[in-house]
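Below is the file protein_11.pdb, which contains PDB, C-alpha atoms.
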```pdb
MODEL        1
ATOM      1  CA  MET A   1     -31.803 -25.186  14.332
ATOM      2  CA  GLU A   2     -31.715 -28.613  15.980
ATOM      3  CA  THR A   3     -28.346 -28.152  17.683
ATOM      4  CA  ARG A   4     -27.759 -26.853  21.182
ATOM      5  CA  SER A   5     -26.847 -23.451  19.718
ATOM      6  CA  GLY A   6     -30.216 -23.488  17.970
ATOM      7  CA  HIS A   7     -31.980 -23.974  21.303
ATOM      8  CA  VAL A   8     -30.024 -21.091  22.848
ATOM      9  CA  PHE A   9     -30.900 -18.891  19.873
ATOM     10  CA  GLU A  10     -34.577 -19.694  20.337
ATOM     11  CA  GLU A  11     -34.253 -18.588  23.983
ATOM     12  CA  LEU A  12     -32.786 -15.280  22.809
ATOM     13  CA  LEU A  13     -35.689 -14.790  20.395
ATOM     14  CA  ALA A  14     -38.162 -15.527  23.193
ATOM     15  CA  VAL A  15     -36.519 -12.962  25.474
ATOM     16  CA  MET A  16     -36.593 -10.357  22.707
ATOM     17  CA  ALA A  17     -40.258 -11.095  21.999
ATOM     18  CA  ARG A  18     -41.114 -10.622  25.667
ATOM     19  CA  LEU A  19     -39.183  -7.346  25.878
ATOM     20  CA  ARG A  20     -41.151  -6.053  22.898
ATOM     21  CA  GLY A  21     -44.426  -7.550  24.117
ATOM     22  CA  GLU A  22     -47.416  -5.833  25.699
ATOM     23  CA  ASN A  23     -46.063  -6.157  29.235
ATOM     24  CA  GLY A  24     -42.439  -5.826  28.223
ATOM     25  CA  CYS A  25     -39.846  -3.073  28.593
ATOM     26  CA  PRO A  26     -41.071   0.476  27.774
ATOM     27  CA  TRP A  27     -37.706   1.413  26.267
ATOM     28  CA  ASP A  28     -37.480  -1.676  24.053
ATOM     29  CA  ARG A  29     -41.069  -1.189  22.898
ATOM     30  CA  GLU A  30     -40.323   2.390  21.840
ATOM     31  CA  GLN A  31     -37.372   1.530  19.599
ATOM     32  CA  THR A  32     -37.599   1.684  15.797
ATOM     33  CA  MET A  33     -35.243   0.729  12.984
ATOM     34  CA  GLU A  34     -34.162   4.358  12.839
ATOM     35  CA  THR A  35     -33.327   4.601  16.545
ATOM     36  CA  LEU A  36     -31.259   1.399  16.378
ATOM     37  CA  ARG A  37     -28.908   2.761  13.723
ATOM     38  CA  THR A  38     -26.549   4.440  16.186
ATOM     39  CA  TYR A  39     -26.402   1.371  18.423
ATOM     40  CA  ILE A  40     -25.623  -0.908  15.463
ATOM     41  CA  VAL A  41     -22.622   1.217  14.496
ATOM     42  CA  GLU A  42     -21.435   1.547  18.106
ATOM     43  CA  GLU A  43     -21.654  -2.181  18.782
ATOM     44  CA  ALA A  44     -19.765  -2.982  15.584
ATOM     45  CA  TYR A  45     -16.934  -0.669  16.633
ATOM     46  CA  GLU A  46     -16.874  -2.088  20.154
ATOM     47  CA  LEU A  47     -16.510  -5.595  18.725
ATOM     48  CA  VAL A  48     -13.673  -4.442  16.458
ATOM     49  CA  ASP A  49     -11.983  -2.837  19.467
ATOM     50  CA  ALA A  50     -12.332  -6.034  21.507
ATOM     51  CA  ILE A  51     -10.795  -8.058  18.668
ATOM     52  CA  SER A  52      -7.914  -5.565  18.433
ATOM     53  CA  ARG A  53      -7.252  -5.994  22.171
ATOM     54  CA  GLY A  54      -7.490  -9.769  21.853
ATOM     55  CA  GLU A  55      -9.573 -10.081  25.021
ATOM     56  CA  THR A  56     -11.664 -13.227  24.524
ATOM     57  CA  PRO A  57     -14.330 -12.472  27.173
ATOM     58  CA  ASP A  58     -14.801  -8.998  25.677
ATOM     59  CA  ILE A  59     -15.027 -10.423  22.163
ATOM     60  CA  VAL A  60     -17.731 -12.854  23.311
ATOM     61  CA  GLU A  61     -19.684 -10.069  25.002
ATOM     62  CA  GLU A  62     -19.409  -7.605  22.118
ATOM     63  CA  ALA A  63     -20.275 -10.272  19.537
ATOM     64  CA  GLY A  64     -23.417 -10.907  21.551
ATOM     65  CA  ASP A  65     -24.239  -7.202  21.650
ATOM     66  CA  LEU A  66     -23.884  -6.967  17.865
ATOM     67  CA  LEU A  67     -26.033 -10.082  17.376
ATOM     68  CA  LEU A  68     -28.641  -8.466  19.619
ATOM     69  CA  GLN A  69     -28.962  -5.596  17.156
ATOM     70  CA  VAL A  70     -29.847  -8.018  14.339
ATOM     71  CA  VAL A  71     -32.355  -9.839  16.536
ATOM     72  CA  PHE A  72     -33.807  -6.540  17.775
ATOM     73  CA  LEU A  73     -34.103  -5.162  14.231
ATOM     74  CA  SER A  74     -35.762  -8.354  13.004
ATOM     75  CA  ARG A  75     -38.259  -8.304  15.890
ATOM     76  CA  ILE A  76     -39.230  -4.731  15.051
ATOM     77  CA  ALA A  77     -39.681  -5.743  11.417
ATOM     78  CA  GLU A  78     -41.832  -8.715  12.447
ATOM     79  CA  ASP A  79     -44.006  -6.446  14.604
ATOM     80  CA  GLU A  80     -44.469  -4.231  11.539
ATOM     81  CA  GLY A  81     -45.221  -7.196   9.267
ATOM     82  CA  ARG A  82     -42.155  -6.628   7.072
ATOM     83  CA  PHE A  83     -39.935  -9.675   7.639
ATOM     84  CA  THR A  84     -38.820 -12.088  10.366
ATOM     85  CA  ILE A  85     -35.529 -13.395  11.704
ATOM     86  CA  ASP A  86     -36.243 -16.565   9.722
ATOM     87  CA  ASP A  87     -36.207 -14.494   6.509
ATOM     88  CA  VAL A  88     -32.850 -13.026   7.515
ATOM     89  CA  LEU A  89     -31.298 -16.407   8.319
ATOM     90  CA  ARG A  90     -32.766 -18.129   5.269
ATOM     91  CA  GLY A  91     -31.636 -15.345   2.959
ATOM     92  CA  LEU A  92     -28.122 -15.423   4.392
ATOM     93  CA  THR A  93     -27.839 -19.201   4.091
ATOM     94  CA  GLU A  94     -29.058 -19.184   0.490
ATOM     95  CA  LYS A  95     -26.659 -16.373  -0.399
ATOM     96  CA  LEU A  96     -23.672 -18.186   1.103
ATOM     97  CA  VAL A  97     -24.482 -21.326  -0.865
ATOM     98  CA  ARG A  98     -25.160 -19.367  -4.063
ATOM     99  CA  ARG A  99     -21.926 -17.377  -3.842
ATOM    100  CA  HIS A 100     -19.727 -20.407  -3.140
ATOM    101  CA  PRO A 101     -20.265 -22.559  -6.246
ATOM    102  CA  HIS A 102     -16.732 -23.934  -5.780
ATOM    103  CA  VAL A 103     -17.913 -25.517  -2.515
ATOM    104  CA  PHE A 104     -21.586 -26.293  -3.132
ATOM    105  CA  GLY A 105     -21.422 -26.657  -6.921
ATOM    106  CA  ASP A 106     -19.178 -27.898  -9.710
ATOM    107  CA  GLU A 107     -16.973 -24.831 -10.190
ATOM    108  CA  LYS A 108     -13.358 -24.650  -9.033
ATOM    109  CA  ALA A 109     -11.430 -21.915  -7.222
ATOM    110  CA  ASP A 110      -7.891 -22.523  -6.022
ATOM    111  CA  THR A 111      -7.116 -19.081  -4.589
ATOM    112  CA  SER A 112      -8.907 -16.522  -2.460
ATOM    113  CA  GLY A 113      -8.531 -14.059  -5.342
ATOM    114  CA  GLN A 114     -10.526 -16.340  -7.638
ATOM    115  CA  VAL A 115     -13.145 -16.745  -4.926
ATOM    116  CA  LEU A 116     -13.558 -12.989  -4.486
ATOM    117  CA  ARG A 117     -13.742 -12.409  -8.239
ATOM    118  CA  LYS A 118     -16.494 -15.000  -8.579
ATOM    119  CA  TRP A 119     -18.283 -13.534  -5.553
ATOM    120  CA  GLU A 120     -18.461 -10.122  -7.243
ATOM    121  CA  GLU A 121     -19.594 -11.653 -10.543
ATOM    122  CA  ILE A 122     -22.449 -13.497  -8.830
ATOM    123  CA  LYS A 123     -23.332 -10.392  -6.861
ATOM    124  CA  GLY A 124     -23.556  -8.406 -10.104
ATOM    125  CA  VAL A 125     -25.923 -10.967 -11.610
ATOM    126  CA  GLU A 126     -28.076 -10.822  -8.477
ATOM    127  CA  LYS A 127     -28.360  -7.051  -8.802
ATOM    128  CA  GLU A 128     -29.435  -7.390 -12.438
ATOM    129  CA  GLN A 129     -32.052  -9.963 -11.505
ATOM    130  CA  ARG A 130     -33.426  -7.700  -8.789
ATOM    131  CA  LYS A 131     -33.335  -4.875 -11.332
ATOM    132  CA  LYS A 132     -31.357  -2.601  -9.075
ATOM    133  CA  LYS A 133     -30.779   0.814 -10.612
ATOM    134  CA  ASP A 134     -27.131   0.961  -9.595
ATOM    135  CA  THR A 135     -25.393  -2.251 -10.640
ATOM    136  CA  SER A 136     -21.862  -0.918 -10.109
ATOM    137  CA  LEU A 137     -19.459  -3.042  -8.098
ATOM    138  CA  LEU A 138     -19.208  -0.086  -5.754
ATOM    139  CA  ALA A 139     -22.964   0.140  -5.158
ATOM    140  CA  GLY A 140     -22.707  -2.168  -2.152
ATOM    141  CA  VAL A 141     -20.241   0.057  -0.289
ATOM    142  CA  PRO A 142     -22.277   1.768   2.474
ATOM    143  CA  GLU A 143     -22.439   5.546   2.195
ATOM    144  CA  GLY A 144     -22.113   5.890   5.952
ATOM    145  CA  LEU A 145     -18.923   3.827   6.197
ATOM    146  CA  PRO A 146     -16.065   5.805   7.820
ATOM    147  CA  PRO A 147     -13.834   7.260   5.049
ATOM    148  CA  LEU A 148     -10.728   5.220   5.896
ATOM    149  CA  ALA A 149     -12.612   1.926   5.875
ATOM    150  CA  LYS A 150     -14.584   3.049   2.840
ATOM    151  CA  ALA A 151     -11.405   3.734   0.846
ATOM    152  CA  ALA A 152     -10.142   0.229   1.621
ATOM    153  CA  ARG A 153     -13.492  -1.295   0.647
ATOM    154  CA  ILE A 154     -13.667   0.614  -2.627
ATOM    155  CA  GLN A 155     -10.139  -0.428  -3.567
ATOM    156  CA  SER A 156     -10.819  -4.032  -2.621
ATOM    157  CA  LYS A 157     -13.982  -4.100  -4.722
ATOM    158  CA  ALA A 158     -12.100  -2.803  -7.762
ATOM    159  CA  ALA A 159      -9.255  -5.251  -7.146
ATOM    160  CA  HIS A 160     -11.662  -8.195  -7.191
ATOM    161  CA  VAL A 161     -12.176  -7.682 -10.929
ATOM    162  CA  GLY A 162      -8.494  -7.090 -11.669
ATOM    163  CA  PHE A 163      -8.441  -3.272 -11.506
ATOM    164  CA  ASP A 164      -5.417  -3.045  -9.237
ATOM    165  CA  TRP A 165      -1.667  -2.619  -9.049
ATOM    166  CA  GLU A 166       0.382  -5.737  -9.740
ATOM    167  CA  LYS A 167       0.418  -7.975  -6.684
ATOM    168  CA  GLY A 168       3.834  -8.264  -5.061
ATOM    169  CA  ASN A 169       5.267  -5.193  -6.797
ATOM    170  CA  LEU A 170       5.270  -2.362  -4.251
ATOM    171  CA  ALA A 171       7.485   0.021  -6.231
ATOM    172  CA  PRO A 172       4.628   1.809  -8.077
ATOM    173  CA  LEU A 173       2.735   2.134  -4.803
ATOM    174  CA  TYR A 174       5.707   3.805  -3.118
ATOM    175  CA  ASP A 175       6.023   6.070  -6.158
ATOM    176  CA  LYS A 176       2.341   6.959  -5.935
ATOM    177  CA  VAL A 177       2.640   7.982  -2.283
ATOM    178  CA  ASP A 178       5.709  10.094  -3.108
ATOM    179  CA  GLU A 179       3.840  11.649  -6.036
ATOM    180  CA  GLU A 180       0.901  12.610  -3.832
ATOM    181  CA  ILE A 181       3.213  14.176  -1.227
ATOM    182  CA  GLU A 182       4.808  16.296  -3.943
ATOM    183  CA  GLU A 183       1.378  17.360  -5.169
ATOM    184  CA  ILE A 184       0.500  18.476  -1.640
ATOM    185  CA  ARG A 185       3.641  20.640  -1.596
ATOM    186  CA  ASN A 186       2.558  22.206  -4.893
ATOM    187  CA  ALA A 187      -0.971  22.733  -3.583
ATOM    188  CA  VAL A 188       0.333  24.465  -0.448
ATOM    189  CA  GLU A 189       2.309  26.856  -2.631
ATOM    190  CA  THR A 190      -0.893  27.877  -4.441
ATOM    191  CA  GLY A 191      -2.609  28.671  -1.148
ATOM    192  CA  SER A 192      -5.827  27.018  -2.363
ATOM    193  CA  ALA A 193      -7.612  25.346   0.566
ATOM    194  CA  ASP A 194      -9.762  23.253  -1.778
ATOM    195  CA  ARG A 195      -6.763  21.976  -3.695
ATOM    196  CA  ILE A 196      -4.841  21.200  -0.493
ATOM    197  CA  GLU A 197      -7.797  19.191   0.830
ATOM    198  CA  ASP A 198      -8.136  17.414  -2.507
ATOM    199  CA  GLU A 199      -4.460  16.436  -2.606
ATOM    200  CA  MET A 200      -4.458  15.399   1.051
ATOM    201  CA  GLY A 201      -7.361  13.084   0.258
ATOM    202  CA  ASP A 202      -5.385  11.593  -2.635
ATOM    203  CA  LEU A 203      -2.423  10.980  -0.305
ATOM    204  CA  LEU A 204      -4.600   9.203   2.250
ATOM    205  CA  PHE A 205      -6.212   7.132  -0.496
ATOM    206  CA  ALA A 206      -2.765   6.143  -1.802
ATOM    207  CA  ALA A 207      -1.633   5.264   1.739
ATOM    208  CA  VAL A 208      -4.678   3.018   2.182
ATOM    209  CA  ASN A 209      -3.848   1.336  -1.122
ATOM    210  CA  LEU A 210      -0.279   0.691   0.044
ATOM    211  CA  ALA A 211      -1.575  -0.712   3.342
ATOM    212  CA  ARG A 212      -3.923  -3.046   1.473
ATOM    213  CA  HIS A 213      -1.058  -4.420  -0.622
ATOM    214  CA  LEU A 214       0.988  -4.911   2.532
ATOM    215  CA  GLU A 215      -1.995  -6.838   3.932
ATOM    216  CA  VAL A 216      -2.355  -4.280   6.718
ATOM    217  CA  ASN A 217      -5.792  -3.142   7.832
ATOM    218  CA  PRO A 218      -5.480   0.668   7.627
ATOM    219  CA  ASP A 219      -8.145   1.206  10.268
ATOM    220  CA  SER A 220      -6.345  -1.114  12.701
ATOM    221  CA  ALA A 221      -2.980   0.449  11.859
ATOM    222  CA  LEU A 222      -4.266   3.952  12.528
ATOM    223  CA  GLY A 223      -5.939   2.730  15.703
ATOM    224  CA  ARG A 224      -2.612   1.341  16.895
ATOM    225  CA  ALA A 225      -0.891   4.646  16.062
ATOM    226  CA  ASN A 226      -3.589   6.525  18.002
ATOM    227  CA  ARG A 227      -3.117   4.319  21.050
ATOM    228  CA  LYS A 228       0.667   4.595  20.853
ATOM    229  CA  PHE A 229       0.554   8.386  20.622
ATOM    230  CA  SER A 230      -1.954   8.596  23.486
ATOM    231  CA  GLU A 231       0.178   6.420  25.775
ATOM    232  CA  ARG A 232       3.314   8.452  25.064
ATOM    233  CA  PHE A 233       1.515  11.777  25.374
ATOM    234  CA  ARG A 234       0.165  10.779  28.786
ATOM    235  CA  ILE A 235       3.747  10.162  29.925
ATOM    236  CA  VAL A 236       4.764  13.598  28.637
ATOM    237  CA  GLU A 237       1.789  15.073  30.512
ATOM    238  CA  SER A 238       3.004  13.366  33.667
ATOM    239  CA  MET A 239       6.509  14.802  33.193
ATOM    240  CA  VAL A 240       5.115  18.298  32.736
ATOM    241  CA  ARG A 241       2.830  17.910  35.743
ATOM    242  CA  GLU A 242       5.711  16.814  37.974
ATOM    243  CA  THR A 243       7.536  20.098  37.322
ATOM    244  CA  GLY A 244       4.562  22.112  38.532
ATOM    245  CA  ARG A 245       5.013  24.458  35.588
ATOM    246  CA  PRO A 246       2.494  25.292  32.816
ATOM    247  CA  TRP A 247       2.882  23.877  29.311
ATOM    248  CA  SER A 248       3.545  27.359  27.951
ATOM    249  CA  SER A 249       6.792  27.566  29.921
ATOM    250  CA  PHE A 250       8.378  24.696  27.981
ATOM    251  CA  SER A 251      10.118  25.097  24.641
ATOM    252  CA  LEU A 252       9.296  22.714  21.820
ATOM    253  CA  ASP A 253      12.804  21.251  22.103
ATOM    254  CA  THR A 254      12.234  20.413  25.761
ATOM    255  CA  LEU A 255       8.872  18.824  25.055
ATOM    256  CA  ASP A 256      10.481  16.828  22.264
ATOM    257  CA  THR A 257      13.072  15.582  24.771
ATOM    258  CA  PHE A 258      10.223  14.470  27.042
ATOM    259  CA  TRP A 259       8.648  12.713  24.044
ATOM    260  CA  GLU A 260      11.844  10.795  23.273
ATOM    261  CA  GLN A 261      12.019   9.690  26.894
ATOM    262  CA  ALA A 262       8.401   8.548  26.710
ATOM    263  CA  LYS A 263       9.168   6.500  23.591
ATOM    264  CA  LYS A 264      11.993   4.702  25.396
ATOM    265  CA  SER A 265       9.790   3.888  28.388
ATOM    266  CA  LEU A 266       7.271   1.951  26.287
TER     267      LEU A 266
ENDMDL
END
```
Output the structure of this file as C-alpha cells.
Amino acid sequence: METRSGHVFEELLAVMARLRGENGCPWDREQTMETLRTYIVEEAYELVDAISRGETPDIVEEAGDLLLQVVFLSRIAEDEGRFTIDDVLRGLTEKLVRRHPHVFGDEKADTSGQVLRKWEEIKGVEKEQRKKKDTSLLAGVPEGLPPLAKAARIQSKAAHVGFDWEKGNLAPLYDKVDEEIEEIRNAVETGSADRIEDEMGDLLFAAVNLARHLEVNPDSALGRANRKFSERFRIVESMVRETGRPWSSFSLDTLDTFWEQAKKSL
C-alpha cells in the first residue's frame, strides 16, 4: 500500500470510517450486511451494463460504486469485530498466489484450460482443509445468481475438470438444441405444464452451453437481443402513434410490416 493508489485507498477508508462514525451519516450508520445485499447486486449489474456500453467514464464510476460496497461491508464487519478490510485484501492476495502456482511456484501451465483445471483442484483442496460440508465443484456457485448466468457458471465449472463436449466440435451441441426443441413439441402435445417447463429449461440450458462453446456470454447476448427488440418496438410504437389509431385496429400482418420497416431503419 505504498503506491499512490494505496494512498487514495486509505483516503476512501477514512471517509467510510467517518460516515460510520459517531457524528457521521445517519443512513450509513444504520446499514447492516443484510441491507447492503440489494445494493451489491445492483451495483454489479450497473458495472456490467457500463462495460457492455463501452462508456469509460461510466465504467470508472460503476467500478467505484461496486468497490464501495466491499469497503462498506468491511467497515460494518470491523465495527462488529468480525473482520477488517485488511483481512479481505490479505486473504485475496494469498489466494491469488496460492491458486497460480504456475506463476508464483514451480508448476507449468501453457493454456488457460490447464490454469482453470488447476484452479479448481486447488479450490477443492482448500475446501477439504476448511472441512466444508459440501466439497462439490458446484458448491461455489451462488444460489442467488440469476439462472442464465448460473447455468453458464455451472457448465464452466464442470468443463474445468473435463466434463464437457469436445472443444471445437459444435455438431453435437447443435444436435442437442434440436433434440430439446423436439422434446418441447412432445411436451406440448401432452398438455403437461410441468413437463413443458422442464423441457423449456433443458432447451435454455442447451442454448447456454452452445453459447459457451461459441465463446459468447449468454447474458450479454440476451441483453443485446433485449435492447435490439426494445429499439425496434419503440419505432413500431411511433408508427402506430402517428396513425392516431389504437393498436387493436391493426392486423398482425400490418404490425409485422411495421416491424420489418423498423429493422431496416436500424
**Prompt:** Looking at only C-alpha atoms, which of A:Val161, A:Ile76, A:Met239, A:Val48 is the one that sits closest to A:Phe258?
**Reply:** A:Met239
Could I get the residues of stretch 58-134 of chain A with an atom no further than 7 Å from an atom of stretch 22-42 of chain A, each paired with its nearest atom pair and that distance in Å to one decimal, using only C-alpha atoms, sorted by chain and residue number, as a Markdown table?
```
| residue | atom | partner | partner_atom | distance |
| --- | --- | --- | --- | --- |
| A:Leu66 | CA | A:Ile40 | CA | 6.7 |
| A:Gln69 | CA | A:Ile40 | CA | 6.0 |
| A:Leu73 | CA | A:Met33 | CA | 6.1 |
| A:Ile76 | CA | A:Thr32 | CA | 6.7 |
```
**Complete:** Taken to one decimal, the atom CA of A:Met16-atom CA of A:Arg75 distance is 7.3 Å
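Across the structure, atom CA of A:Leu92 and atom CA of A:Glu126 are spaced 13.7 Å apart.
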**Request:** One decimal, Å: what's the distance from atom CA of A:Leu47 over to atom CA of A:Thr111, could you say?
**Result:** 28.5 Å
**Asked** Could you spell out the hits of the PyMOL selection byres ((chain A and resi 204-215) around 8) on the shown file, as a PyMOL selection string?
**Response** chain A and resi 148+151-152+155+167-168+170+173-174+176-177+180+200-203+216-218
**Asked** If we count only C-alpha atoms, what is near A:Ser52 at a cut-off of 9 Å, once residues fewer than 6 positions away on the same chain are taken out, given as a list in words?
**Response**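 Near neighbours after the sequence-gap exclusion: Ser220, Gly223 and Arg224 of chain A.
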**Asked** Between A:Ile85, A:Ala44, A:Leu222, A:Leu68, which has the minimum distance to A:Leu12 (counting only C-alpha atoms)?
**Response** A:Leu68
**Message:** Taking only C-alpha atoms into account, name the residue in A:Val125, A:Ala187, A:Arg20, A:Ser238 that is nearest to A:Phe72.
**Reply:**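 Ranked by minimum distance to A:Phe72, first place goes to A:Arg20.
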**Item:** Result set, the PyMOL selection byres ((chain A and resi 229-237) around 10) on current file, as a PyMOL selection string
**Value:** chain A and resi 223-228+238-242+247+255-266
Those same residues, written as an mmCIF file, keeping the file's coordinate frame with C-alpha atoms?
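Saved file again.cif follows:
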```cif
data_model
loop_
_atom_site.group_PDB
_atom_site.id
_atom_site.type_symbol
_atom_site.label_atom_id
_atom_site.label_comp_id
_atom_site.auth_asym_id
_atom_site.auth_seq_id
_atom_site.Cartn_x
_atom_site.Cartn_y
_atom_site.Cartn_z
ATOM 1 C CA GLY A 223 -5.939 2.730 15.703
ATOM 2 C CA ARG A 224 -2.612 1.341 16.895
ATOM 3 C CA ALA A 225 -0.891 4.646 16.062
ATOM 4 C CA ASN A 226 -3.589 6.525 18.002
ATOM 5 C CA ARG A 227 -3.117 4.319 21.050
ATOM 6 C CA LYS A 228 0.667 4.595 20.853
ATOM 7 C CA SER A 238 3.004 13.366 33.667
ATOM 8 C CA MET A 239 6.509 14.802 33.193
ATOM 9 C CA VAL A 240 5.115 18.298 32.736
ATOM 10 C CA ARG A 241 2.830 17.910 35.743
ATOM 11 C CA GLU A 242 5.711 16.814 37.974
ATOM 12 C CA TRP A 247 2.882 23.877 29.311
ATOM 13 C CA LEU A 255 8.872 18.824 25.055
ATOM 14 C CA ASP A 256 10.481 16.828 22.264
ATOM 15 C CA THR A 257 13.072 15.582 24.771
ATOM 16 C CA PHE A 258 10.223 14.470 27.042
ATOM 17 C CA TRP A 259 8.648 12.713 24.044
ATOM 18 C CA GLU A 260 11.844 10.795 23.273
ATOM 19 C CA GLN A 261 12.019 9.690 26.894
ATOM 20 C CA ALA A 262 8.401 8.548 26.710
ATOM 21 C CA LYS A 263 9.168 6.500 23.591
ATOM 22 C CA LYS A 264 11.993 4.702 25.396
ATOM 23 C CA SER A 265 9.790 3.888 28.388
ATOM 24 C CA LEU A 266 7.271 1.951 26.287
#
```
Keeping C-alpha atoms (and nothing else), can you write stretch 145-182 of chain A of this structure as a CSV table (one decimal), in the first residue's frame?
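Written file, decode-v7.csv:
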```
chain,number,residue,atom,x,y,z
A,145,LEU,CA,-27.1,-16.0,-9.2
A,146,PRO,CA,-29.6,-15.2,-12.0
A,147,PRO,CA,-30.5,-18.5,-13.7
A,148,LEU,CA,-28.9,-17.7,-17.1
A,149,ALA,CA,-25.6,-16.7,-15.5
A,150,LYS,CA,-25.8,-19.6,-13.1
A,151,ALA,CA,-26.3,-22.1,-16.0
A,152,ALA,CA,-23.1,-20.8,-17.6
A,153,ARG,CA,-21.2,-20.9,-14.4
A,154,ILE,CA,-22.3,-24.5,-13.6
A,155,GLN,CA,-21.3,-25.6,-17.1
A,156,SER,CA,-17.9,-23.8,-16.9
A,157,LYS,CA,-17.2,-25.4,-13.5
A,158,ALA,CA,-17.9,-28.9,-14.9
A,159,ALA,CA,-15.8,-28.1,-18.0
A,160,HIS,CA,-12.8,-27.2,-15.9
A,161,VAL,CA,-12.4,-30.9,-14.9
A,162,GLY,CA,-13.0,-32.2,-18.4
A,163,PHE,CA,-16.8,-32.9,-18.1
A,164,ASP,CA,-17.7,-31.2,-21.4
A,165,TRP,CA,-18.4,-31.6,-25.1
A,166,GLU,CA,-15.4,-31.8,-27.3
A,167,LYS,CA,-13.9,-28.4,-27.9
A,168,GLY,CA,-14.2,-27.2,-31.5
A,169,ASN,CA,-16.9,-29.7,-32.4
A,170,LEU,CA,-20.2,-27.9,-32.5
A,171,ALA,CA,-22.2,-30.6,-34.2
A,172,PRO,CA,-23.3,-32.4,-31.0
A,173,LEU,CA,-24.3,-29.1,-29.5
A,174,TYR,CA,-26.5,-28.2,-32.5
A,175,ASP,CA,-28.0,-31.7,-32.2
A,176,LYS,CA,-28.7,-31.2,-28.5
A,177,VAL,CA,-30.5,-27.9,-29.1
A,178,ASP,CA,-32.6,-29.6,-31.9
A,179,GLU,CA,-33.3,-32.5,-29.6
A,180,GLU,CA,-34.6,-30.2,-26.8
A,181,ILE,CA,-36.8,-28.4,-29.3
A,182,GLU,CA,-38.4,-31.7,-30.3
```
